>>> print(open('data.pdb').read())   # PDB, C-alpha atoms
ATOM      1  CA  PHE A   1       0.000   0.000   0.000
ATOM      2  CA  SER A   2       1.046   3.615  -0.512
ATOM      3  CA  ASP A   3      -0.140   6.394   1.796
ATOM      4  CA  PRO A   4      -3.407   4.915   3.174
ATOM      5  CA  GLU A   5      -5.837   7.292   4.874
ATOM      6  CA  VAL A   6      -8.503   6.831   7.540
ATOM      7  CA  SER A   7     -11.804   8.734   7.410
ATOM      8  CA  GLY A   8     -12.566  11.450   9.949
ATOM      9  CA  ASN A   9     -14.669   9.165  12.152
ATOM     10  CA  HIS A  10     -12.164   6.299  11.851
ATOM     11  CA  SER A  11     -14.752   3.936  10.362
ATOM     12  CA  LEU A  12     -13.170   3.663   6.900
ATOM     13  CA  LEU A  13      -9.672   3.181   5.550
ATOM     14  CA  VAL A  14      -8.787   3.818   1.915
ATOM     15  CA  ALA A  15      -5.556   2.531   0.410
ATOM     16  CA  THR A  16      -3.877   2.699  -2.975
ATOM     17  CA  SER A  17      -1.159   0.419  -4.296
ATOM     18  CA  HIS A  18       1.127  -0.004  -7.275
ATOM     19  CA  ASP A  19      -1.117  -2.708  -8.728
ATOM     20  CA  GLY A  20      -3.409   0.140  -9.812
ATOM     21  CA  PHE A  21      -6.300  -0.619  -7.448
ATOM     22  CA  ILE A  22      -8.047   1.538  -4.861
ATOM     23  CA  ARG A  23      -9.353  -0.417  -1.866
ATOM     24  CA  LEU A  24     -11.978   0.630   0.655
ATOM     25  CA  TYR A  25     -11.997  -1.082   4.065
ATOM     26  CA  ALA A  26     -14.274  -0.961   7.085
ATOM     27  CA  VAL A  27     -12.343  -0.402  10.308
ATOM     28  CA  ARG A  28     -13.554  -2.505  13.216
ATOM     29  CA  ALA A  29     -12.790  -1.407  16.752
ATOM     30  CA  TYR A  30     -13.644  -4.884  18.036
ATOM     31  CA  GLY A  31     -13.652  -8.337  16.533
ATOM     32  CA  SER A  32     -11.623  -9.924  13.805
ATOM     33  CA  PRO A  33     -10.489  -9.015  11.236
ATOM     34  CA  SER A  34      -9.897  -5.387  12.180
ATOM     35  CA  LEU A  35     -10.045  -4.421   8.482
ATOM     36  CA  TYR A  36     -12.785  -5.709   6.197
ATOM     37  CA  LEU A  37     -12.651  -5.132   2.446
ATOM     38  CA  LEU A  38     -15.799  -3.357   1.264
ATOM     39  CA  SER A  39     -14.910  -2.410  -2.289
ATOM     40  CA  LYS A  40     -12.064  -2.549  -4.780
ATOM     41  CA  VAL A  41     -11.784  -0.744  -8.105
ATOM     42  CA  GLN A  42      -9.149  -0.241 -10.805
ATOM     43  CA  ALA A  43      -7.940   3.370 -10.908
ATOM     44  CA  LYS A  44      -9.027   5.219 -14.012
ATOM     45  CA  SER A  45      -5.903   7.190 -14.949
ATOM     46  CA  GLY A  46      -2.946   4.910 -14.228
ATOM     47  CA  LYS A  47      -1.450   2.167 -12.115
ATOM     48  CA  ARG A  48       1.172   4.124 -10.205
ATOM     49  CA  LEU A  49      -1.007   5.623  -7.474
ATOM     50  CA  VAL A  50       0.763   7.804  -4.923
ATOM     51  CA  SER A  51      -1.784   9.380  -2.578
ATOM     52  CA  VAL A  52      -5.395   9.259  -1.469
ATOM     53  CA  SER A  53      -7.523  11.675   0.547
ATOM     54  CA  VAL A  54     -10.947  11.119   2.121
ATOM     55  CA  ALA A  55     -13.384  14.046   2.223
ATOM     56  CA  PRO A  56     -15.461  14.780   5.348
ATOM     57  CA  PHE A  57     -18.722  12.811   5.583
ATOM     58  CA  GLY A  58     -21.977  14.279   4.316
ATOM     59  CA  PRO A  59     -25.409  14.093   6.054
ATOM     60  CA  ALA A  60     -26.060  10.449   5.102
ATOM     61  CA  GLY A  61     -22.470   9.375   5.627
ATOM     62  CA  GLU A  62     -21.632   9.840   1.964
ATOM     63  CA  THR A  63     -18.081  10.767   1.174
ATOM     64  CA  LYS A  64     -15.677  11.284  -1.707
ATOM     65  CA  ILE A  65     -12.143  10.093  -2.281
ATOM     66  CA  ALA A  66      -9.455  11.810  -4.348
ATOM     67  CA  VAL A  67      -6.373  10.055  -5.727
ATOM     68  CA  GLY A  68      -3.143  11.284  -7.325
ATOM     69  CA  TYR A  69      -0.730   9.517  -9.681
ATOM     70  CA  GLU A  70       3.028   9.315 -10.213
ATOM     71  CA  PHE A  71       3.009   9.252 -14.011
ATOM     72  CA  ALA A  72      -0.170  11.170 -14.821
ATOM     73  CA  SER A  73      -1.132  14.797 -14.357
ATOM     74  CA  LYS A  74      -4.753  13.901 -13.622
ATOM     75  CA  VAL A  75      -6.494  13.760 -10.262
ATOM     76  CA  ASP A  76      -9.535  11.501 -10.002
ATOM     77  CA  VAL A  77     -12.462  11.697  -7.593
ATOM     78  CA  TYR A  78     -14.460   8.648  -6.530
ATOM     79  CA  SER A  79     -17.581   8.118  -4.474
ATOM     80  CA  ALA A  80     -17.286   5.839  -1.465
ATOM     81  CA  GLY A  81     -21.061   5.524  -1.239
ATOM     82  CA  LYS A  82     -22.958   6.073   1.974
ATOM     83  CA  GLU A  83     -23.830   4.173   5.133
ATOM     84  CA  GLY A  84     -25.120   0.713   4.245
ATOM     85  CA  ASP A  85     -23.941   0.931   0.640
ATOM     86  CA  ARG A  86     -20.175   1.368   0.513
ATOM     87  CA  ARG A  87     -18.991   1.009  -3.075
ATOM     88  CA  LEU A  88     -16.198   2.785  -4.891
ATOM     89  CA  GLN A  89     -17.329   4.489  -8.085
ATOM     90  CA  TYR A  90     -15.516   6.950 -10.360
ATOM     91  CA  LEU A  91     -17.210  10.379 -10.430
ATOM     92  CA  TYR A  92     -15.063  12.974 -12.227
ATOM     93  CA  SER A  93     -11.602  14.467 -12.767
ATOM     94  CA  PRO A  94     -10.923  18.139 -11.927
ATOM     95  CA  ASP A  95      -9.757  20.605 -14.588
ATOM     96  CA  ILE A  96      -6.014  20.193 -15.263
ATOM     97  CA  THR A  97      -5.715  22.803 -18.007
ATOM     98  CA  GLY A  98      -2.082  23.914 -18.290
ATOM     99  CA  VAL A  99      -0.707  21.289 -15.912
ATOM    100  CA  ASN A 100       2.715  20.183 -17.169
ATOM    101  CA  ALA A 101       3.625  17.484 -14.619
ATOM    102  CA  ASN A 102       2.076  15.248 -11.989
ATOM    103  CA  LEU A 103      -0.239  16.349  -9.169
ATOM    104  CA  ARG A 104       0.526  13.230  -7.188
ATOM    105  CA  ASN A 105      -0.325  14.444  -3.671
ATOM    106  CA  VAL A 106      -3.931  15.332  -2.897
ATOM    107  CA  ALA A 107      -5.891  16.681   0.069
ATOM    108  CA  TRP A 108      -9.408  17.915   0.798
ATOM    109  CA  SER A 109      -9.942  21.072   2.802
ATOM    110  CA  ALA A 110     -11.144  20.580   6.374
ATOM    111  CA  ASP A 111     -14.756  21.278   5.354
ATOM    112  CA  GLY A 112     -14.541  19.294   2.104
ATOM    113  CA  THR A 113     -15.309  22.334  -0.059
ATOM    114  CA  TYR A 114     -11.944  22.539  -1.787
ATOM    115  CA  LEU A 115      -9.576  19.991  -3.281
ATOM    116  CA  TYR A 116      -5.816  20.586  -3.359
ATOM    117  CA  ALA A 117      -3.136  18.779  -5.348
ATOM    118  CA  GLY A 118       0.576  19.240  -5.906
ATOM    119  CA  GLY A 119       3.642  17.370  -7.074
ATOM    120  CA  LEU A 120       6.067  18.312  -9.818
ATOM    121  CA  TYR A 121       3.690  20.835 -11.381
ATOM    122  CA  TYR A 122       5.634  24.000 -12.220
ATOM    123  CA  TYR A 123       3.872  27.332 -12.737
ATOM    124  CA  ASN A 124       5.111  30.908 -12.945
ATOM    125  CA  TYR A 125       8.715  29.990 -12.020
ATOM    126  CA  GLY A 126       7.848  27.830  -9.018
ATOM    127  CA  ARG A 127       6.227  24.648  -7.800
ATOM    128  CA  ALA A 128       2.493  25.204  -7.598
ATOM    129  CA  ILE A 129      -0.377  23.656  -5.701
ATOM    130  CA  ARG A 130      -3.640  23.629  -7.605
ATOM    131  CA  LYS A 131      -6.823  24.321  -5.640
ATOM    132  CA  TRP A 132     -10.294  23.594  -7.003
ATOM    133  CA  ALA A 133     -13.551  24.954  -5.644
ATOM    134  CA  GLY A 134     -16.797  22.964  -5.622
ATOM    135  CA  GLN A 135     -15.172  19.732  -4.416
ATOM    136  CA  GLY A 136     -13.044  19.653  -7.557
ATOM    137  CA  LEU A 137     -15.791  20.614 -10.003
ATOM    138  CA  GLY A 138     -15.383  24.387  -9.773
ATOM    139  CA  ILE A 139     -12.802  26.907 -10.891
ATOM    140  CA  TYR A 140      -9.154  26.403 -10.014
ATOM    141  CA  THR A 141      -6.436  28.572  -8.498
ATOM    142  CA  ASN A 142      -2.696  27.996  -8.828
ATOM    143  CA  ILE A 143      -0.901  28.713  -5.553
ATOM    144  CA  ILE A 144       2.854  29.278  -5.741
ATOM    145  CA  SER A 145       4.317  27.233  -2.901
ATOM    146  CA  GLY A 146       7.815  28.692  -2.672
ATOM    147  CA  ALA A 147       9.317  25.201  -2.996
ATOM    148  CA  ASP A 148      11.304  26.046  -6.120
ATOM    149  CA  LYS A 149      13.642  23.041  -6.247
ATOM    150  CA  GLY A 150      11.676  20.130  -4.825
ATOM    151  CA  GLY A 151       8.309  18.649  -5.649
ATOM    152  CA  ILE A 152       5.365  18.743  -3.234
ATOM    153  CA  VAL A 153       5.374  15.492  -1.263
ATOM    154  CA  HIS A 154       2.621  16.049   1.312
ATOM    155  CA  ILE A 155      -0.403  18.313   1.848
ATOM    156  CA  ILE A 156      -2.586  18.365   4.955
ATOM    157  CA  ALA A 157      -5.712  20.397   5.672
ATOM    158  CA  LEU A 158      -5.849  22.843   8.580
ATOM    159  CA  LYS A 159      -8.938  23.057  10.786
ATOM    160  CA  LYS A 160      -9.349  26.812  10.342
ATOM    161  CA  GLY A 161      -8.927  26.643   6.571
ATOM    162  CA  GLY A 162      -5.947  26.438   4.293
ATOM    163  CA  ILE A 163      -3.215  23.842   4.199
ATOM    164  CA  ALA A 164       0.282  22.945   5.313
ATOM    165  CA  PHE A 165       2.673  21.323   2.862
ATOM    166  CA  GLY A 166       6.108  19.760   2.644
ATOM    167  CA  ALA A 167       8.453  19.423  -0.330
ATOM    168  CA  SER A 168      11.258  17.084  -1.310
ATOM    169  CA  ASP A 169      13.875  19.855  -0.979
ATOM    170  CA  THR A 170      12.960  19.980   2.760
ATOM    171  CA  SER A 171      11.079  23.275   2.446
ATOM    172  CA  PHE A 172       7.632  23.520   4.034
ATOM    173  CA  GLY A 173       4.937  26.099   4.526
ATOM    174  CA  VAL A 174       1.462  27.125   5.598
ATOM    175  CA  ILE A 175      -1.088  28.656   3.210
ATOM    176  CA  ASP A 176      -4.291  30.170   4.556
ATOM    177  CA  GLY A 177      -7.827  29.911   3.186
ATOM    178  CA  ARG A 178      -7.270  33.040   1.073
ATOM    179  CA  ASP A 179      -4.358  31.281  -0.670
ATOM    180  CA  GLU A 180      -1.763  33.521   0.964
ATOM    181  CA  GLY A 181       1.481  32.142   2.364
ATOM    182  CA  LEU A 182       1.493  32.589   6.143
ATOM    183  CA  TYR A 183       4.831  30.864   6.569
ATOM    184  CA  ILE A 184       7.347  29.477   4.106
ATOM    185  CA  LYS A 185      10.568  27.830   5.308
ATOM    186  CA  ARG A 186      13.024  27.266   2.497
ATOM    187  CA  PRO A 187      15.869  24.772   2.790
ATOM    188  CA  LEU A 188      19.306  25.867   3.930
ATOM    189  CA  ILE A 189      21.079  23.884   1.247
ATOM    190  CA  ALA A 190      23.902  25.681  -0.510
ATOM    191  CA  ASP A 191      23.521  26.241  -4.243
ATOM    192  CA  TYR A 192      26.927  26.852  -5.810
ATOM    193  CA  SER A 193      25.672  27.612  -9.324
ATOM    194  CA  ASN A 194      26.704  30.850 -11.070
ATOM    195  CA  ASN A 195      28.978  31.813  -8.188
ATOM    196  CA  GLN A 196      32.477  31.382  -9.627
ATOM    197  CA  GLU A 197      33.802  34.699  -8.326
ATOM    198  CA  LEU A 198      32.612  34.340  -4.724
ATOM    199  CA  PHE A 199      33.152  30.607  -4.142
ATOM    200  CA  LEU A 200      36.540  31.020  -2.427
ATOM    201  CA  ILE A 201      39.063  29.450  -0.083
ATOM    202  CA  SER A 202      41.239  31.595   2.197
ATOM    203  CA  PRO A 203      45.006  31.670   1.516
ATOM    204  CA  ASP A 204      45.689  29.382   4.514
ATOM    205  CA  GLY A 205      42.967  26.925   3.439
ATOM    206  CA  ASN A 206      41.095  27.392   6.711
ATOM    207  CA  VAL A 207      37.964  29.258   5.572
ATOM    208  CA  VAL A 208      35.580  28.428   2.728
ATOM    209  CA  ALA A 209      33.303  31.187   1.393
ATOM    210  CA  PHE A 210      30.140  30.250  -0.505
ATOM    211  CA  SER A 211      26.493  31.217  -0.904
ATOM    212  CA  TYR A 212      23.185  29.468  -0.240
ATOM    213  CA  GLU A 213      21.574  30.924  -3.368
ATOM    214  CA  PRO A 214      22.782  31.262  -6.982
ATOM    215  CA  LYS A 215      24.868  34.251  -8.082
ATOM    216  CA  GLY A 216      26.331  34.868  -4.635
ATOM    217  CA  LYS A 217      23.096  35.610  -2.787
ATOM    218  CA  SER A 218      22.894  34.750   0.952
ATOM    219  CA  PRO A 219      26.685  34.534   1.464
ATOM    220  CA  ALA A 220      28.318  32.517   4.239
ATOM    221  CA  GLN A 221      31.721  31.394   5.516
ATOM    222  CA  PHE A 222      32.805  28.194   7.213
ATOM    223  CA  SER A 223      35.939  28.052   9.341
ATOM    224  CA  VAL A 224      37.465  24.583   9.469
ATOM    225  CA  LYS A 225      39.743  25.468  12.377
ATOM    226  CA  GLU A 226      37.008  26.973  14.544
ATOM    227  CA  GLY A 227      34.192  24.769  13.308
ATOM    228  CA  LEU A 228      31.998  27.857  12.897
ATOM    229  CA  LEU A 229      29.521  28.871  10.200
ATOM    230  CA  ARG A 230      28.952  32.593   9.732
ATOM    231  CA  ASN A 231      26.308  34.215   7.528
ATOM    232  CA  GLU A 232      28.526  36.904   6.083
ATOM    233  CA  SER A 233      30.527  37.753   2.955
ATOM    234  CA  SER A 234      34.136  36.682   2.609
ATOM    235  CA  SER A 235      36.818  38.978   4.006
ATOM    236  CA  PHE A 236      39.614  37.721   1.733
TER     237      PHE A 236
END
>>> encode(input="data.pdb", output="structure tokens")
Amino acid sequence: FSDPEVSGNHSLLVATSHDGFIRLYAVRAYGSPSLYLLSKVQAKSGKRLVSVSVAPFGPAGETKIAVGYEFASKVDVYSAGKEGDRRLQYLYSPDITGVNANLRNVAWSADGTYLYAGGLYYYNYGRAIRKWAGQGLGIYTNIISGADKGGIVHIIALKKGGIAFGASDTSFGVIDGRDEGLYIKRPLIADYSNNQELFLISPDGNVVAFSYEPKGKSPAQFSVKEGLLRNESSSF
């Protein structure tokens, strides 16, 4: 299984796997087995499933499930039925106009109104998270994550609206319900590109000067003798 998810009331578990199937289980607090297979369906848009997200339950216990793929830009939404009739059934795929890479990681908003997805999708010079209104049937918004080097690897909904996300370059952030970045933490990984003039070693070989960003931006020095890292330009 890859990235299984339990429903909000802990009564259902949905799992995807690399055999291309989505499986819906009932979770039993008592008795055996603790997981009981209710429904199984072949994914519509590919076999390499990466993530699954379960929407909050509706009035009759009905809920929807979204899945994302490794080798497809599509996101698919399925019905998980309702109480007494739990069957997986494909419903629709949100608008992916302009998407140039996968949207492998999916998440519903806390109230189930919005659907989010991100992965390797690149938009306006940065990794983007696409957000759809109307449970994936409405208009979309592209949210620039700030994770410029790594793909989006996880998205979770926040109770008060918005999401938190993590990326493969170790950056992470929080985006509110208005799609504004409340907090973005970028990785402190040095990028030596386009920095030939400022990537230096002191005459005694003790201090290395470099930068965290291309073209000498965010300069720093490391002293081998002292074992100290200083966020400052070179003095030699």
>>> resolve_selection(input="data.pdb", expression="the PyMOL selection byres ((chain A and resi 173-175) around 7)", output="list in words")
Gly162, Ile163, Ala164, Phe165, Gly166, Phe172, Asp176, Gly177, Asp179, Glu180, Gly181, Leu182, Tyr183, Ile184 and Lys185 of chain A
>>> write_last_selection(input="data.pdb", atoms="C-alpha atoms", output="tab-separated table (two decimals), keeping the file's coordinate frame")
chain	number	residue	atom	x	y	z
A	162	GLY	CA	-5.95	26.44	4.29
A	163	ILE	CA	-3.22	23.84	4.20
A	164	ALA	CA	0.28	22.94	5.31
A	165	PHE	CA	2.67	21.32	2.86
A	166	GLY	CA	6.11	19.76	2.64
A	172	PHE	CA	7.63	23.52	4.03
A	176	ASP	CA	-4.29	30.17	4.56
A	177	GLY	CA	-7.83	29.91	3.19
A	179	ASP	CA	-4.36	31.28	-0.67
A	180	GLU	CA	-1.76	33.52	0.96
A	181	GLY	CA	1.48	32.14	2.36
A	182	LEU	CA	1.49	32.59	6.14
A	183	TYR	CA	4.83	30.86	6.57
A	184	ILE	CA	7.35	29.48	4.11
A	185	LYS	CA	10.57	27.83	5.31
>>> residues_near_point(input="data.pdb", point="(2.5, 20.9, -5.1)", cutoff="10 Å", atoms="only C-alpha atoms", output="PyMOL selection string")
chain A and resi 102-106+116-122+126-131+142-147+150-155+165-167
>>> atom_distance(input="data.pdb", atom1="CA of Val99 (chain A)", atom2="CA of Trp132 (chain A)")
13.3 Å
>>> residues_near_point(input="data.pdb", point="(-13.2, -1.5, 0.5)", cutoff="9 Å", atoms="all atoms listed in the file", output="PyMOL selection string")
chain A and resi 12-15+22-26+36-41+80+86-88
>>> write_last_selection(input="data.pdb", atoms="C-alpha atoms", output="tab-separated table (two decimals), keeping the file's coordinate frame")
chain	number	residue	atom	x	y	z
A	12	LEU	CA	-13.17	3.66	6.90
A	13	LEU	CA	-9.67	3.18	5.55
A	14	VAL	CA	-8.79	3.82	1.92
A	15	ALA	CA	-5.56	2.53	0.41
A	22	ILE	CA	-8.05	1.54	-4.86
A	23	ARG	CA	-9.35	-0.42	-1.87
A	24	LEU	CA	-11.98	0.63	0.66
A	25	TYR	CA	-12.00	-1.08	4.07
A	26	ALA	CA	-14.27	-0.96	7.08
A	36	TYR	CA	-12.78	-5.71	6.20
A	37	LEU	CA	-12.65	-5.13	2.45
A	38	LEU	CA	-15.80	-3.36	1.26
A	39	SER	CA	-14.91	-2.41	-2.29
A	40	LYS	CA	-12.06	-2.55	-4.78
A	41	VAL	CA	-11.78	-0.74	-8.10
A	80	ALA	CA	-17.29	5.84	-1.46
A	86	ARG	CA	-20.18	1.37	0.51
A	87	ARG	CA	-18.99	1.01	-3.08
A	88	LEU	CA	-16.20	2.78	-4.89
>>> residues_around(input="data.pdb", residues="Pro94 (chain A)", least_positions_apart="4", cutoff="9 Å", atoms="all atoms listed in the file", output="PyMOL selection string")
chain A and resi 74-77+115+132+135-138+140
>>> residues_around(input="data.pdb", residues="region 201-212 of chain A", least_positions_apart="3", cutoff="6 Å", atoms="only C-alpha atoms", output="number ranges by chain")
A: 190-191, 216-224, 234
>>> atom_distance(input="data.pdb", atom1="CA of Tyr114 (chain A)", atom2="CA of Gly134 (chain A)")
6.2 Å
>>> atom_distance(input="data.pdb", atom1="CA of Asp148 (chain A)", atom2="CA of Gln196 (chain A)")
22.1 Å
>>> closest_residue(input="data.pdb", among="A:Thr16, A:Ile139, A:Ala55, A:Asp169", to="Ile96 (chain A)", atoms="all atoms listed in the file")
A:Ile139
>>> closest_residue(input="data.pdb", among="A:Asp111, A:Glu213, A:Asp85, A:Asp3", to="Pro56 (chain A)", atoms="only C-alpha atoms")
A:Asp111
>>> closest_residue(input="data.pdb", among="A:Phe236, A:Tyr69, A:Phe57, A:Tyr125", to="His10 (chain A)", atoms="only C-alpha atoms")
A:Phe57
>>> resolve_selection(input="data.pdb", expression="the PyMOL selection byres ((chain A and resi 89) around 6)", output="compact mmCIF listing (two decimals) with C-alpha atoms, keeping the file's coordinate frame")
# COMPACT_ATOMS: atom_id res chain seq x y z
CA TYR A 78 -14.46 8.65 -6.53
CA SER A 79 -17.58 8.12 -4.47
CA LEU A 88 -16.20 2.78 -4.89
CA TYR A 90 -15.52 6.95 -10.36
>>> axis_aligned_box(input="data.pdb", around="region 65-81 of chain A", padding_each_side="8 Å", output="lines of an AutoDock Vina configuration file")
center_x = -9.0
center_y = 10.2
center_z = -8.0
size_x = 40.1
size_y = 25.3
size_z = 29.6
>>> closest_residue(input="data.pdb", among="A:Phe199, A:Phe71, A:Tyr123, A:Tyr30", to="Lys215 (chain A)", atoms="only C-alpha atoms")
A:Phe199
